[in-house]
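Raw contents of data.tsv, TSV, C-alpha atoms and all ligand atoms:
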```
chain	number	residue	atom	x	y	z
Y	1	MET	CA	-94.79	68.34	16.34
Y	2	LYS	CA	-98.28	69.50	15.50
Y	3	ASP	CA	-99.77	72.41	17.38
Y	4	ILE	CA	-102.29	70.22	19.13
Y	5	PRO	CA	-100.45	67.03	20.07
Y	6	SER	CA	-102.39	63.77	20.00
Y	7	ARG	CA	-100.59	62.53	23.11
Y	8	PRO	CA	-99.37	64.30	26.27
Y	9	ARG	CA	-95.75	65.38	25.99
Y	10	SER	CA	-93.07	65.31	28.66
Y	11	PRO	CA	-91.08	68.46	29.47
Y	12	ARG	CA	-88.02	67.15	27.60
Y	13	THR	CA	-90.02	66.88	24.38
Y	14	LEU	CA	-91.71	70.23	24.91
Y	15	ALA	CA	-88.34	71.89	25.52
Y	16	VAL	CA	-87.27	70.90	22.00
Y	17	HIS	CA	-90.51	71.41	20.06
Y	18	ALA	CA	-93.14	73.48	21.84
Y	19	GLY	CA	-94.06	76.83	20.34
Y	20	THR	CA	-92.26	76.28	17.01
Y	21	ARG	CA	-93.62	78.52	14.25
Y	22	ARG	CA	-92.31	77.62	10.79
Y	23	SER	CA	-92.19	80.13	7.99
Y	24	GLN	CA	-93.17	79.24	4.41
Y	25	TYR	CA	-89.59	77.89	3.94
Y	26	GLY	CA	-90.04	75.04	6.38
Y	27	GLU	CA	-86.80	75.69	8.25
Y	28	VAL	CA	-85.83	73.11	10.90
Y	29	SER	CA	-84.13	75.50	13.31
Y	30	GLU	CA	-86.27	78.33	14.64
Y	31	ALA	CA	-86.03	81.48	12.53
Y	32	MET	CA	-84.70	84.66	14.05
Y	33	PHE	CA	-87.08	87.45	13.03
Y	34	LEU	CA	-84.85	90.48	13.48
Y	35	THR	CA	-87.55	92.98	12.73
Y	36	GLN	CA	-88.98	95.82	14.76
Y	37	GLY	CA	-92.10	96.30	12.67
Y	38	PHE	CA	-94.55	94.33	10.50
Y	39	VAL	CA	-96.17	95.23	7.18
Y	40	TYR	CA	-99.95	95.39	6.78
Y	41	ASP	CA	-101.76	94.51	3.53
Y	42	SER	CA	-104.08	97.48	3.90
Y	43	ALA	CA	-104.99	100.39	6.12
Y	44	GLU	CA	-108.02	98.38	7.19
Y	45	GLN	CA	-105.81	95.49	8.30
Y	46	ALA	CA	-103.61	97.87	10.33
Y	47	GLU	CA	-106.70	99.29	12.00
Y	48	ALA	CA	-108.06	95.84	12.80
Y	49	ARG	CA	-104.74	94.66	14.21
Y	50	PHE	CA	-104.41	97.64	16.53
Y	51	LEU	CA	-107.94	96.98	17.71
Y	52	GLU	CA	-107.10	93.40	18.58
Y	53	ALA	CA	-104.06	91.41	17.47
Y	54	GLY	CA	-104.26	87.62	17.48
Y	55	ARG	CA	-101.37	85.51	18.73
Y	56	GLU	CA	-99.99	85.18	15.17
Y	57	GLU	CA	-100.44	88.85	14.33
Y	58	PHE	CA	-97.71	91.32	15.17
Y	59	ILE	CA	-97.54	95.10	15.35
Y	60	TYR	CA	-94.22	96.14	16.83
Y	61	ALA	CA	-91.44	94.17	18.52
Y	62	ARG	CA	-91.97	95.87	21.87
Y	63	TYR	CA	-95.47	94.31	21.81
Y	64	GLY	CA	-94.46	90.96	20.37
Y	65	ASN	CA	-92.39	89.22	17.69
Y	66	PRO	CA	-92.60	85.70	16.17
Y	67	THR	CA	-89.25	84.56	17.63
Y	68	VAL	CA	-90.16	85.94	21.03
Y	69	ALA	CA	-93.60	84.28	20.80
Y	70	MET	CA	-91.93	80.92	20.09
Y	71	PHE	CA	-89.85	81.31	23.24
Y	72	GLU	CA	-92.85	82.38	25.31
Y	73	ASP	CA	-94.95	79.43	24.18
Y	74	ARG	CA	-92.10	76.98	24.73
Y	75	ILE	CA	-91.31	78.05	28.28
Y	76	ALA	CA	-95.01	78.30	29.20
Y	77	ALA	CA	-95.47	74.71	28.00
Y	78	LEU	CA	-92.50	73.62	30.12
Y	79	GLU	CA	-93.65	75.50	33.19
Y	80	GLY	CA	-97.23	74.29	32.83
Y	81	THR	CA	-98.75	77.76	32.63
Y	82	GLU	CA	-101.24	79.00	30.04
Y	83	ASP	CA	-99.02	81.80	28.80
Y	84	ALA	CA	-95.77	83.74	29.27
Y	85	PHE	CA	-94.36	87.19	28.49
Y	86	ALA	CA	-90.63	87.41	27.73
Y	87	THR	CA	-88.69	90.35	29.12
Y	88	ALA	CA	-85.38	92.11	28.57
Y	89	SER	CA	-83.93	90.77	31.83
Y	90	GLY	CA	-84.89	88.86	34.93
Y	91	MET	CA	-85.39	92.13	36.78
Y	92	ALA	CA	-87.79	93.42	34.09
Y	93	ALA	CA	-89.80	90.26	34.76
Y	94	VAL	CA	-89.76	90.65	38.57
Y	95	ASN	CA	-90.60	94.34	38.35
Y	96	GLY	CA	-93.23	93.77	35.66
Y	97	ALA	CA	-94.99	90.98	37.55
Y	98	LEU	CA	-95.19	93.07	40.73
Y	99	THR	CA	-95.70	96.61	39.45
Y	100	SER	CA	-98.29	95.64	36.82
Y	101	MET	CA	-100.67	94.27	39.44
Y	102	LEU	CA	-100.08	96.64	42.38
Y	103	LYS	CA	-101.31	100.12	43.18
Y	104	ALA	CA	-100.92	102.59	46.04
Y	105	GLY	CA	-102.52	101.28	49.23
Y	106	ASP	CA	-101.89	97.60	48.42
Y	107	HIS	CA	-100.00	95.32	50.79
Y	108	VAL	CA	-97.30	92.79	49.83
Y	109	VAL	CA	-95.56	90.18	51.94
Y	110	ALA	CA	-92.14	88.95	50.79
Y	111	ALA	CA	-89.35	86.76	52.09
Y	112	ARG	CA	-86.42	88.85	53.33
Y	113	ALA	CA	-83.70	86.69	51.78
Y	114	LEU	CA	-83.77	88.02	48.22
Y	115	PHE	CA	-81.52	88.74	45.28
Y	116	GLY	CA	-80.23	92.31	45.78
Y	117	SER	CA	-82.22	93.91	42.95
Y	118	CYS	CA	-85.43	92.12	44.01
Y	119	LEU	CA	-84.92	93.51	47.50
Y	120	TYR	CA	-84.46	96.99	45.99
Y	121	ILE	CA	-87.85	96.76	44.23
Y	122	LEU	CA	-89.65	95.53	47.34
Y	123	ASP	CA	-87.83	97.64	49.90
Y	124	GLU	CA	-87.35	100.91	48.00
Y	125	VAL	CA	-89.37	101.18	44.78
Y	126	LEU	CA	-92.78	99.83	45.78
Y	127	PRO	CA	-92.99	101.76	49.10
Y	128	ARG	CA	-92.16	104.96	47.17
Y	129	TYR	CA	-95.40	104.46	45.22
Y	130	GLY	CA	-97.49	103.79	48.31
Y	131	VAL	CA	-97.34	100.00	48.39
Y	132	GLU	CA	-96.82	98.67	51.90
Y	133	VAL	CA	-94.31	95.82	52.02
Y	134	THR	CA	-93.76	93.45	54.95
Y	135	LEU	CA	-90.57	91.39	54.84
Y	136	VAL	CA	-90.50	88.10	56.74
Y	137	ASP	CA	-88.15	85.23	57.45
Y	138	GLY	CA	-89.21	83.06	54.51
Y	139	THR	CA	-88.55	79.78	56.30
Y	140	ASP	CA	-90.87	80.71	59.20
Y	141	LEU	CA	-94.47	79.77	58.38
Y	142	ALA	CA	-95.75	81.48	61.53
Y	143	ALA	CA	-94.16	84.73	60.31
Y	144	TRP	CA	-95.91	84.42	56.92
Y	145	LYS	CA	-99.19	83.70	58.68
Y	146	ALA	CA	-98.82	86.71	60.96
Y	147	ALA	CA	-97.86	89.05	58.10
Y	148	ILE	CA	-100.51	88.08	55.50
Y	149	ARG	CA	-103.66	90.18	55.96
Y	150	PRO	CA	-107.05	90.40	54.29
Y	151	ASP	CA	-105.76	93.34	52.23
Y	152	THR	CA	-102.57	91.53	51.12
Y	153	LYS	CA	-102.57	91.53	47.32
Y	154	ALA	CA	-99.38	89.59	46.59
Y	155	VAL	CA	-96.84	87.31	48.19
Y	156	PHE	CA	-93.33	87.17	46.73
Y	157	PHE	CA	-90.41	84.83	47.38
Y	158	GLU	CA	-87.44	83.12	45.79
Y	159	SER	CA	-88.15	79.39	46.06
Y	160	VAL	CA	-84.49	78.85	46.97
Y	161	SER	CA	-82.81	82.00	48.21
Y	162	ASN	CA	-79.57	83.57	47.06
Y	163	PRO	CA	-76.88	83.04	48.37
Y	164	THR	CA	-77.73	81.09	51.53
Y	165	LEU	CA	-80.03	78.59	49.76
Y	166	GLU	CA	-82.94	78.77	52.16
Y	167	VAL	CA	-85.91	76.81	50.88
Y	168	ILE	CA	-89.44	78.20	50.95
Y	169	ASP	CA	-92.30	75.78	51.61
Y	170	ILE	CA	-94.11	76.70	48.40
Y	171	ALA	CA	-97.33	74.76	49.05
Y	172	ALA	CA	-97.74	76.04	52.63
Y	173	VAL	CA	-97.01	79.69	51.80
Y	174	SER	CA	-99.26	79.52	48.71
Y	175	LYS	CA	-102.11	78.16	50.83
Y	176	LEU	CA	-101.75	80.97	53.38
Y	177	ALA	CA	-101.70	83.53	50.56
Y	178	HIS	CA	-104.68	82.05	48.73
Y	179	ASP	CA	-106.72	81.90	51.94
Y	180	ALA	CA	-106.30	85.70	52.08
Y	181	GLY	CA	-107.03	86.08	48.34
Y	182	ALA	CA	-103.44	87.11	47.53
Y	183	LEU	CA	-101.57	86.23	44.34
Y	184	VAL	CA	-98.41	84.13	44.74
Y	185	ILE	CA	-95.40	85.28	42.69
Y	186	CYS	CA	-92.31	83.07	42.79
Y	187	ASP	CA	-88.84	83.94	41.51
Y	188	ASN	CA	-87.81	80.41	40.63
Y	189	VAL	CA	-84.28	80.89	39.27
Y	190	PHE	CA	-82.49	78.54	41.65
Y	191	ALA	CA	-85.01	75.72	41.06
Y	192	THR	CA	-84.61	76.21	37.27
Y	193	PRO	CA	-87.44	75.28	34.86
Y	194	ALA	CA	-85.98	71.75	34.82
Y	195	PHE	CA	-86.82	71.09	38.47
Y	196	SER	CA	-89.75	73.49	38.89
Y	197	ARG	CA	-92.96	72.20	40.44
Y	198	ALA	CA	-94.08	75.72	41.28
Y	199	VAL	CA	-97.49	75.70	39.59
Y	200	GLU	CA	-98.36	72.25	40.89
Y	201	LEU	CA	-97.48	73.47	44.42
Y	202	GLY	CA	-99.75	76.50	44.15
Y	203	VAL	CA	-97.78	79.38	42.63
Y	204	ASP	CA	-99.81	81.69	40.38
Y	205	VAL	CA	-97.01	83.57	38.63
Y	206	VAL	CA	-93.55	82.08	38.04
Y	207	VAL	CA	-90.72	84.44	37.15
Y	208	TYR	CA	-87.31	83.51	35.75
Y	209	SER	CA	-84.14	85.32	34.94
Y	210	THR	CA	-83.42	83.38	31.74
Y	211	THR	CA	-79.96	84.97	31.87
Y	212	LYS	CA	-79.13	82.05	34.13
Y	213	HIS	CA	-79.85	78.39	33.22
Y	214	VAL	CA	-82.04	79.00	30.15
Y	215	ASP	CA	-79.24	80.70	28.23
Y	216	GLY	CA	-76.78	78.78	30.36
Y	217	GLN	CA	-73.82	79.89	28.29
Y	218	GLY	CA	-73.34	83.43	29.50
Y	219	ARG	CA	-74.45	85.29	26.36
Y	220	CYS	CA	-77.72	87.17	26.82
Y	221	LEU	CA	-79.87	88.81	29.44
Y	222	GLY	CA	-83.49	87.76	29.55
Y	223	GLY	CA	-86.46	87.06	31.74
Y	224	VAL	CA	-89.98	85.71	31.62
Y	225	VAL	CA	-93.28	86.05	33.47
Y	226	CYS	CA	-95.30	82.80	33.34
Y	227	GLY	CA	-98.94	82.63	34.45
Y	228	THR	CA	-102.55	82.42	33.40
Y	229	LYS	CA	-103.59	83.96	30.09
Y	230	GLU	CA	-105.58	86.47	32.09
Y	231	PHE	CA	-102.57	87.59	34.19
Y	232	VAL	CA	-99.99	87.50	31.38
Y	233	ARG	CA	-102.03	89.17	28.63
Y	234	LYS	CA	-104.37	91.42	30.64
Y	235	VAL	CA	-102.17	92.47	33.58
Y	236	ALA	CA	-98.45	91.98	32.82
Y	237	GLU	CA	-98.41	92.57	29.05
Y	238	PRO	CA	-100.00	96.06	28.96
Y	239	TYR	CA	-97.52	97.26	31.58
Y	240	LEU	CA	-94.49	95.59	30.03
Y	241	LYS	CA	-95.21	96.46	26.40
Y	242	HIS	CA	-95.80	100.12	27.19
Y	243	THR	CA	-92.88	100.55	29.60
Y	244	GLY	CA	-90.28	98.93	27.34
Y	245	GLY	CA	-89.38	95.70	29.11
Y	246	ALA	CA	-89.69	93.44	26.04
Y	247	MET	CA	-87.11	90.80	25.14
Y	248	SER	CA	-85.17	91.33	21.90
Y	249	PRO	CA	-85.79	88.77	19.11
Y	250	PHE	CA	-82.07	87.93	19.05
Y	251	ASN	CA	-82.07	87.15	22.76
Y	252	ALA	CA	-85.30	85.16	22.38
Y	253	TRP	CA	-83.63	83.04	19.71
Y	254	VAL	CA	-80.65	82.35	22.01
Y	255	MET	CA	-83.06	81.43	24.82
Y	256	LEU	CA	-85.11	79.14	22.53
Y	257	LYS	CA	-82.01	77.23	21.55
Y	258	GLY	CA	-80.94	77.28	25.21
Y	259	LEU	CA	-84.17	75.56	26.23
Y	260	GLU	CA	-83.42	72.65	23.88
Y	261	THR	CA	-80.36	71.65	25.93
Y	262	MET	CA	-81.29	73.10	29.33
Y	263	ASP	CA	-82.56	69.89	30.87
Y	264	LEU	CA	-79.36	67.97	30.03
Y	265	ARG	CA	-77.12	70.81	31.16
Y	266	VAL	CA	-78.91	71.51	34.41
Y	267	ARG	CA	-79.09	67.85	35.42
Y	268	ALA	CA	-75.37	67.37	34.78
Y	269	GLN	CA	-74.48	70.58	36.62
Y	270	ALA	CA	-76.72	69.66	39.57
Y	271	ALA	CA	-75.17	66.18	39.82
Y	272	THR	CA	-71.64	67.65	39.94
Y	273	CYS	CA	-72.81	70.29	42.42
Y	274	LEU	CA	-74.06	67.68	44.89
Y	275	GLN	CA	-70.93	65.56	44.39
Y	276	LEU	CA	-68.77	68.60	45.16
Y	277	ALA	CA	-70.87	69.52	48.21
Y	278	LYS	CA	-70.53	66.00	49.61
Y	279	ARG	CA	-66.76	65.97	49.07
Y	280	LEU	CA	-66.34	69.33	50.80
Y	281	GLU	CA	-68.57	68.71	53.81
Y	282	GLY	CA	-66.47	68.44	56.98
Y	283	HIS	CA	-63.39	70.08	55.35
Y	284	ALA	CA	-61.22	71.68	58.05
Y	285	LYS	CA	-61.17	75.11	56.33
Y	286	LEU	CA	-64.98	75.25	56.06
Y	287	ALA	CA	-67.37	76.30	58.81
Y	288	ARG	CA	-70.30	75.24	56.67
Y	289	VAL	CA	-71.21	73.72	53.31
Y	290	ILE	CA	-74.69	74.76	52.17
Y	291	HIS	CA	-76.54	72.69	49.57
Y	292	PRO	CA	-80.30	72.06	49.62
Y	293	HIS	CA	-79.97	68.28	49.27
Y	294	LEU	CA	-77.25	67.70	51.88
Y	295	ASP	CA	-78.56	65.96	55.01
Y	296	SER	CA	-77.08	68.83	57.03
Y	297	HIS	CA	-79.35	71.40	55.32
Y	298	PRO	CA	-82.09	72.35	57.80
Y	299	GLN	CA	-84.77	71.92	55.11
Y	300	ALA	CA	-83.31	68.96	53.24
Y	301	ALA	CA	-86.58	67.00	53.37
Y	302	LEU	CA	-88.58	69.93	51.99
Y	303	ALA	CA	-85.94	70.61	49.32
Y	304	ARG	CA	-86.03	66.97	48.20
Y	305	ALA	CA	-89.83	67.01	48.04
Y	306	GLN	CA	-89.92	70.23	46.02
Y	307	MET	CA	-86.94	69.70	43.74
Y	308	GLU	CA	-85.84	66.48	42.05
Y	309	GLN	CA	-82.20	67.62	42.24
Y	310	GLY	CA	-80.72	70.24	44.56
Y	311	GLY	CA	-79.83	72.83	41.93
Y	312	THR	CA	-76.54	73.97	40.48
Y	313	VAL	CA	-75.33	76.28	43.28
Y	314	LEU	CA	-73.65	75.58	46.59
Y	315	SER	CA	-72.34	78.00	49.19
Y	316	LEU	CA	-69.27	77.58	51.37
Y	317	ASP	CA	-68.50	79.44	54.57
Y	318	LEU	CA	-64.75	79.69	55.02
Y	319	ALA	CA	-63.78	79.57	58.66
Y	320	GLY	CA	-61.00	82.11	58.07
Y	321	GLY	CA	-63.40	84.93	57.11
Y	322	LYS	CA	-62.93	87.42	54.27
Y	323	GLU	CA	-59.16	86.99	54.00
Y	324	ALA	CA	-59.50	83.22	53.61
Y	325	ALA	CA	-62.41	83.67	51.17
Y	326	PHE	CA	-60.34	86.03	48.99
Y	327	ARG	CA	-57.32	83.69	49.07
Y	328	PHE	CA	-59.67	80.84	48.04
Y	329	LEU	CA	-61.15	82.82	45.12
Y	330	ASN	CA	-57.74	83.94	43.91
Y	331	ALA	CA	-56.31	80.42	44.05
Y	332	LEU	CA	-59.02	78.80	41.91
Y	333	GLU	CA	-57.79	77.96	38.40
Y	334	ILE	CA	-60.83	76.48	36.64
Y	335	VAL	CA	-63.59	78.28	38.52
Y	336	THR	CA	-63.76	81.90	37.39
Y	337	ILE	CA	-64.54	84.88	39.61
Y	338	SER	CA	-67.75	86.43	38.32
Y	339	ASN	CA	-71.30	86.97	39.55
Y	340	ASN	CA	-73.53	85.13	37.10
Y	341	LEU	CA	-74.85	81.66	37.83
Y	342	GLY	CA	-76.22	78.68	35.91
Y	343	ASP	CA	-73.47	79.04	33.31
Y	344	ALA	CA	-71.62	76.16	31.63
Y	345	LYS	CA	-68.50	77.68	33.20
Y	346	SER	CA	-68.18	77.32	36.97
Y	347	ILE	CA	-68.31	80.67	38.69
Y	348	VAL	CA	-67.49	81.82	42.19
Y	349	THR	CA	-68.54	85.00	43.93
Y	350	HIS	CA	-68.05	86.60	47.36
Y	351	PRO	CA	-71.55	87.97	48.11
Y	352	ALA	CA	-70.59	90.21	51.06
Y	353	THR	CA	-68.30	92.37	48.89
Y	354	THR	CA	-70.14	92.12	45.54
Y	355	THR	CA	-73.82	91.17	45.03
Y	356	HIS	CA	-74.79	92.07	48.61
Y	357	GLN	CA	-72.21	94.83	49.23
Y	358	ARG	CA	-74.97	97.44	49.56
Y	359	LEU	CA	-76.55	95.78	52.60
Y	360	PRO	CA	-75.62	97.11	56.07
Y	361	ASP	CA	-73.61	94.66	58.18
Y	362	ASP	CA	-76.49	93.81	60.52
Y	363	GLN	CA	-78.70	92.85	57.55
Y	364	LYS	CA	-75.90	90.77	56.06
Y	365	ALA	CA	-75.56	88.98	59.39
Y	366	ALA	CA	-79.33	88.43	59.61
Y	367	LEU	CA	-79.29	86.84	56.15
Y	368	GLY	CA	-76.30	84.62	56.95
Y	369	ILE	CA	-74.03	86.49	54.53
Y	370	THR	CA	-70.90	86.09	56.60
Y	371	PRO	CA	-67.47	87.49	55.62
Y	372	GLY	CA	-66.31	83.95	54.79
Y	373	LEU	CA	-69.30	83.02	52.59
Y	374	VAL	CA	-68.67	82.22	48.92
Y	375	ARG	CA	-71.26	81.16	46.37
Y	376	LEU	CA	-70.20	78.60	43.81
Y	377	SER	CA	-72.21	78.06	40.62
Y	378	VAL	CA	-71.25	74.69	39.21
Y	379	GLY	CA	-70.80	74.38	35.47
Y	380	LEU	CA	-70.28	71.60	32.96
Y	381	GLU	CA	-66.59	70.92	33.57
Y	382	ASP	CA	-65.42	67.45	34.60
Y	383	ALA	CA	-66.47	66.82	38.21
Y	384	GLU	CA	-63.09	65.46	39.33
Y	385	ASP	CA	-61.28	68.44	37.77
Y	386	LEU	CA	-63.57	70.81	39.66
Y	387	ILE	CA	-63.19	68.96	42.96
Y	388	ALA	CA	-59.41	69.02	42.59
Y	389	ASP	CA	-59.47	72.76	41.77
Y	390	VAL	CA	-61.62	73.59	44.80
Y	391	LEU	CA	-59.58	71.37	47.16
Y	392	ALA	CA	-56.31	72.93	45.97
Y	393	ALA	CA	-57.72	76.44	46.46
Y	394	LEU	CA	-58.92	75.52	49.96
Y	395	ASP	CA	-55.36	74.40	50.75
Y	396	ALA	CA	-54.16	77.83	49.63
Y	397	ALA	CA	-56.83	79.54	51.76
H	401	LIG	C1	-80.12	86.96	38.44
H	401	LIG	C2	-81.36	86.96	39.22
H	401	LIG	C3	-82.33	87.93	39.00
H	401	LIG	C4	-82.15	89.05	38.00
H	401	LIG	O1	-81.99	88.61	36.71
H	401	LIG	P1	-81.28	89.51	35.56
H	401	LIG	O2	-81.47	88.68	34.35
H	401	LIG	O3	-79.88	89.69	35.98
H	401	LIG	O4	-82.03	90.79	35.51
H	401	LIG	C5	-83.47	87.89	39.77
H	401	LIG	N1	-83.65	86.94	40.70
H	401	LIG	C6	-82.74	85.97	40.93
H	401	LIG	C7	-83.01	84.95	41.98
H	401	LIG	C8	-81.56	85.93	40.20
H	401	LIG	O5	-80.65	85.01	40.43
```

Structure rendered as structure tokens:
Amino acid sequence: MKDIPSRPRSPRTLAVHAGTRRSQYGEVSEAMFLTQGFVYDSAEQAEARFLEAGREEFIYARYGNPTVAMFEDRIAALEGTEDAFATASGMAAVNGALTSMLKAGDHVVAARALFGSCLYILDEVLPRYGVEVTLVDGTDLAAWKAAIRPDTKAVFFESVSNPTLEVIDIAAVSKLAHDAGALVICDNVFATPAFSRAVELGVDVVVYSTTKHVDGQGRCLGGVVCGTKEFVRKVAEPYLKHTGGAMSPFNAWVMLKGLETMDLRVRAQAATCLQLAKRLEGHAKLARVIHPHLDSHPQAALARAQMEQGGTVLSLDLAGGKEAAFRFLNALEIVTISNNLGDAKSIVTHPATTTHQRLPDDQKAALGITPGLVRLSVGLEDAEDLIADVLAALDAA
């Protein structure tokens, strides 16, 4: 595919070709440039490059690398943003997007239902540096409206929250934020780049942990900040390149190859996930089955409008509490106990005692993280095998 395509390309085509940089050897598969540094032809060239490096000119791998640049251009093309900066992990991306643009005295509004480390940044790190943070119930538009002020600089949310799968009305929250002149930053992991409509709905900066569906095979940590050229290169990049949050070329190569198959993987995983959710709904051992596209989900209509499929994660609330949840986890044979998600292997976790252990009980209760809640990330195994495994484990619970 030529750099400037003659026809518009669909995301599936972009996921395979966008951003490719071929060396003089004409390799088909993207080259892995495992190099920290780059050689200059002359002292003058080194001077010029430090003054201003073009997109195909590299200085040091913490600043940029050809393999990393291929990944950045490919995911930016998929996400529909002008540019992207790849990071060492999803948390480096979340922290980089927020910290690079904020200063003491600024105000941020964020949804309360957040991934534990995101909550740590908003609730503990930013306030320590004089940033005022207001946490709201992300599903309550009136709460967003009341919290956003003229001095609000950024709004942050996970489009689908972990682990209770609350859905944020992206267009409505973005409008409220933009009316106040605030930037909208969305952690879009649960929507995945395959189902993301974030930019179209008004988000300014989209952040992913590429550890999840982009790798999708449990190998590497990674993250990415997607946004305008101005935000990515002038705001996020200086902060990230000088504070050490860059993605390694090896990980970028894994992520590039991950993007080629992501759409197929995620669609298959999401289809099995919904099938499993439907089979489990109404099960005697379950107080609740949570999946964004089930009719019983309080925001099913919004979730369907925002996401073509409901994602690859469902949560189950076992009526028997923690004891039943532990018996369920221990009885699963195919689904492994771990805390990643988006992997080809199905994974189950008990948030109250692992990912959200740190939260006091009242906060757990406020977020719906009950003692019986388990989060199930659905992989690429045969759907009937998975259903049978989960049903058998529920019998044992
Ligand atoms: C996993 C995750 C992160 C953090 O990503 P890492 O790659 O583990 O640093 C951030 N936000 C969400 C919603 C996640 O699921």

Give me the chain Y side of the contact with ligand LIG 401 (chain H), cut-off 6 Å, one line per residue showing its nearest atom pair and distance in Å at one decimal, counting all atoms listed in the file, sorted by chain and residue number, as a tab-separated table.
```
residue	atom	partner	partner_atom	distance
Y:Ser89	CA	H:LIG401	O2	4.1
Y:Gly90	CA	H:LIG401	O1	3.4
Y:Met91	CA	H:LIG401	O4	3.8
Y:Phe115	CA	H:LIG401	C7	5.2
Y:Asp187	CA	H:LIG401	C7	5.9
Y:Val189	CA	H:LIG401	C7	5.0
Y:Ser209	CA	H:LIG401	O1	4.3
Y:Thr211	CA	H:LIG401	O2	4.7
Y:Leu221	CA	H:LIG401	O2	5.2
Y:Gly222	CA	H:LIG401	O2	5.3
Y:Gly223	CA	H:LIG401	O2	5.9
```

_Residue nearest Phe33 of chain Y - candidates Y:Ala383, Y:Ala392, Y:Val348, Y:Met70, atoms counted: all atoms listed in the file_ =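 Going through Y:Ala383, Y:Ala392, Y:Val348, Y:Met70 one by one, the smallest distance to Phe33 of chain Y is for Y:Met70.
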
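Selection around (-67.7, 82.7, 45.8) with radius 6 Å, counting all atoms listed in the file, yields the residues Y:Val348, Y:Thr349, Y:His350, Y:Val374, Y:Arg375, Y:Leu376.
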
*Just the residues within 9 Å of segment 267-277 of chain Y, please, counting all atoms listed in the file, with nothing from its chain fewer than 6 positions along; format it as a PyMOL selection string.*
chain Y and resi 194-195+289-294+309-316+342+344+376-384+386-387+390

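Ranking Y:Leu176, Y:Ala147, Y:Leu391, Y:Ala182 by their shortest atom-to-atom distance to Glu281 of chain Y, with only C-alpha atoms included, puts Y:Leu391 first.
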
*Determine the nearest neighbour of Ser161 of chain Y from the options Y:Ser174, Y:Asn188, Y:Ser10, Y:Thr35, counting all atoms listed in the file.*
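Nearest to Ser161 of chain Y: Y:Asn188.
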
_Residue nearest Lys103 of chain Y - candidates Y:Met307, Y:Val225, Y:Ala300, Y:Ala154, atoms counted: all atoms listed in the file_ =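 Selected residue with least distance to Lys103 of chain Y: Y:Ala154.
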
*Would you work out the distance separating atom CA of His297 of chain Y from atom CA of Val109 of chain Y, expressed in Å to one decimal?*
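Distance reported for this atom pair: 25.0 Å.
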
*Looking at all atoms listed in the file, which of Y:Asp169, Y:Asp83, Y:Glu237, Y:Glu323 is the one that sits closest to Tyr63 of chain Y?*
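Looking at the shortest contact to Tyr63 of chain Y, the residue is Y:Glu237.
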
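Taking atom CA of Ala84 of chain Y and atom CA of Ile121 of chain Y as the two end points, the separation is 21.4 Å.
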
_Shortest interatomic distance to Ala18 of chain Y - which of Y:Arg112, Y:Lys257, Y:Arg219, Y:His283, counting only C-alpha atoms_ =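 Nearest to Ala18 of chain Y: Y:Lys257.
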
Find the spatial neighbours of Arg233 of chain Y, counting only C-alpha atoms, within a cut-off of 12 Å - ignore same-chain residues fewer than 4 positions away - and output them as a compact mmCIF listing (two decimals) with C-alpha atoms, keeping the file's coordinate frame.
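As written to disk, part.txt reads:
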```txt
# COMPACT_ATOMS: atom_id res chain seq x y z
CA ALA Y 53 -104.06 91.41 17.47
CA GLY Y 54 -104.26 87.62 17.48
CA ARG Y 55 -101.37 85.51 18.73
CA TYR Y 63 -95.47 94.31 21.81
CA GLY Y 64 -94.46 90.96 20.37
CA GLU Y 72 -92.85 82.38 25.31
CA GLU Y 82 -101.24 79.00 30.04
CA ASP Y 83 -99.02 81.80 28.80
CA ALA Y 84 -95.77 83.74 29.27
CA PHE Y 85 -94.36 87.19 28.49
CA ALA Y 86 -90.63 87.41 27.73
CA ALA Y 97 -94.99 90.98 37.55
CA SER Y 100 -98.29 95.64 36.82
CA VAL Y 225 -93.28 86.05 33.47
CA CYS Y 226 -95.30 82.80 33.34
CA GLY Y 227 -98.94 82.63 34.45
CA THR Y 228 -102.55 82.42 33.40
CA LYS Y 229 -103.59 83.96 30.09
CA GLU Y 237 -98.41 92.57 29.05
CA PRO Y 238 -100.00 96.06 28.96
CA TYR Y 239 -97.52 97.26 31.58
CA LEU Y 240 -94.49 95.59 30.03
CA LYS Y 241 -95.21 96.46 26.40
```

*asked:* So that I can see what lies close to segment 129-143 of chain Y, please list as a PyMOL selection string the residues with an atom at most 9 Å from it, counting all atoms listed in the file and leaving out residues fewer than 6 positions away in the same chain.
replied: chain Y and resi 102-113+122-123+157-158+166-169+172-173+176+299

*Pick out the residues sitting within 10 Å of Arg62 of chain Y, and hand them over as a PyMOL selection string; count all atoms listed in the file, and ignore anything fewer than 4 positions along from it in its own chain.*
chain Y and resi 36-37+58+87+240-249

*Please, what distance in Å, to one decimal, runs between atom CA of Leu183 of chain Y and atom CA of Val206 of chain Y?*
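According to the coordinates, atom CA of Leu183 of chain Y and atom CA of Val206 of chain Y are separated by 11.0 Å.
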
Box for segment 277-291 of chain Y: with edges along x, y and z, all listed atoms inside and 5 Å added on each side, what are the centre and edge lengths in Å to one decimal, as lines of an AutoDock Vina configuration file?
```
center_x = -68.9
center_y = 71.1
center_z = 53.5
size_x = 25.4
size_y = 20.3
size_z = 20.6
```

Within 9 Å of file point (-94.5, 66.4, 48.0), counting only C-alpha atoms, expressed as a PDB file with C-alpha atoms, keeping the file's coordinate frame:
```pdb
ATOM      1  CA  ALA Y 171     -97.330  74.760  49.050  1.00  0.00           C
ATOM      2  CA  LEU Y 201     -97.480  73.470  44.420  1.00  0.00           C
ATOM      3  CA  LEU Y 302     -88.580  69.930  51.990  1.00  0.00           C
ATOM      4  CA  ARG Y 304     -86.030  66.970  48.200  1.00  0.00           C
ATOM      5  CA  ALA Y 305     -89.830  67.010  48.040  1.00  0.00           C
ATOM      6  CA  GLN Y 306     -89.920  70.230  46.020  1.00  0.00           C
TER       7      GLN Y 306
END
```
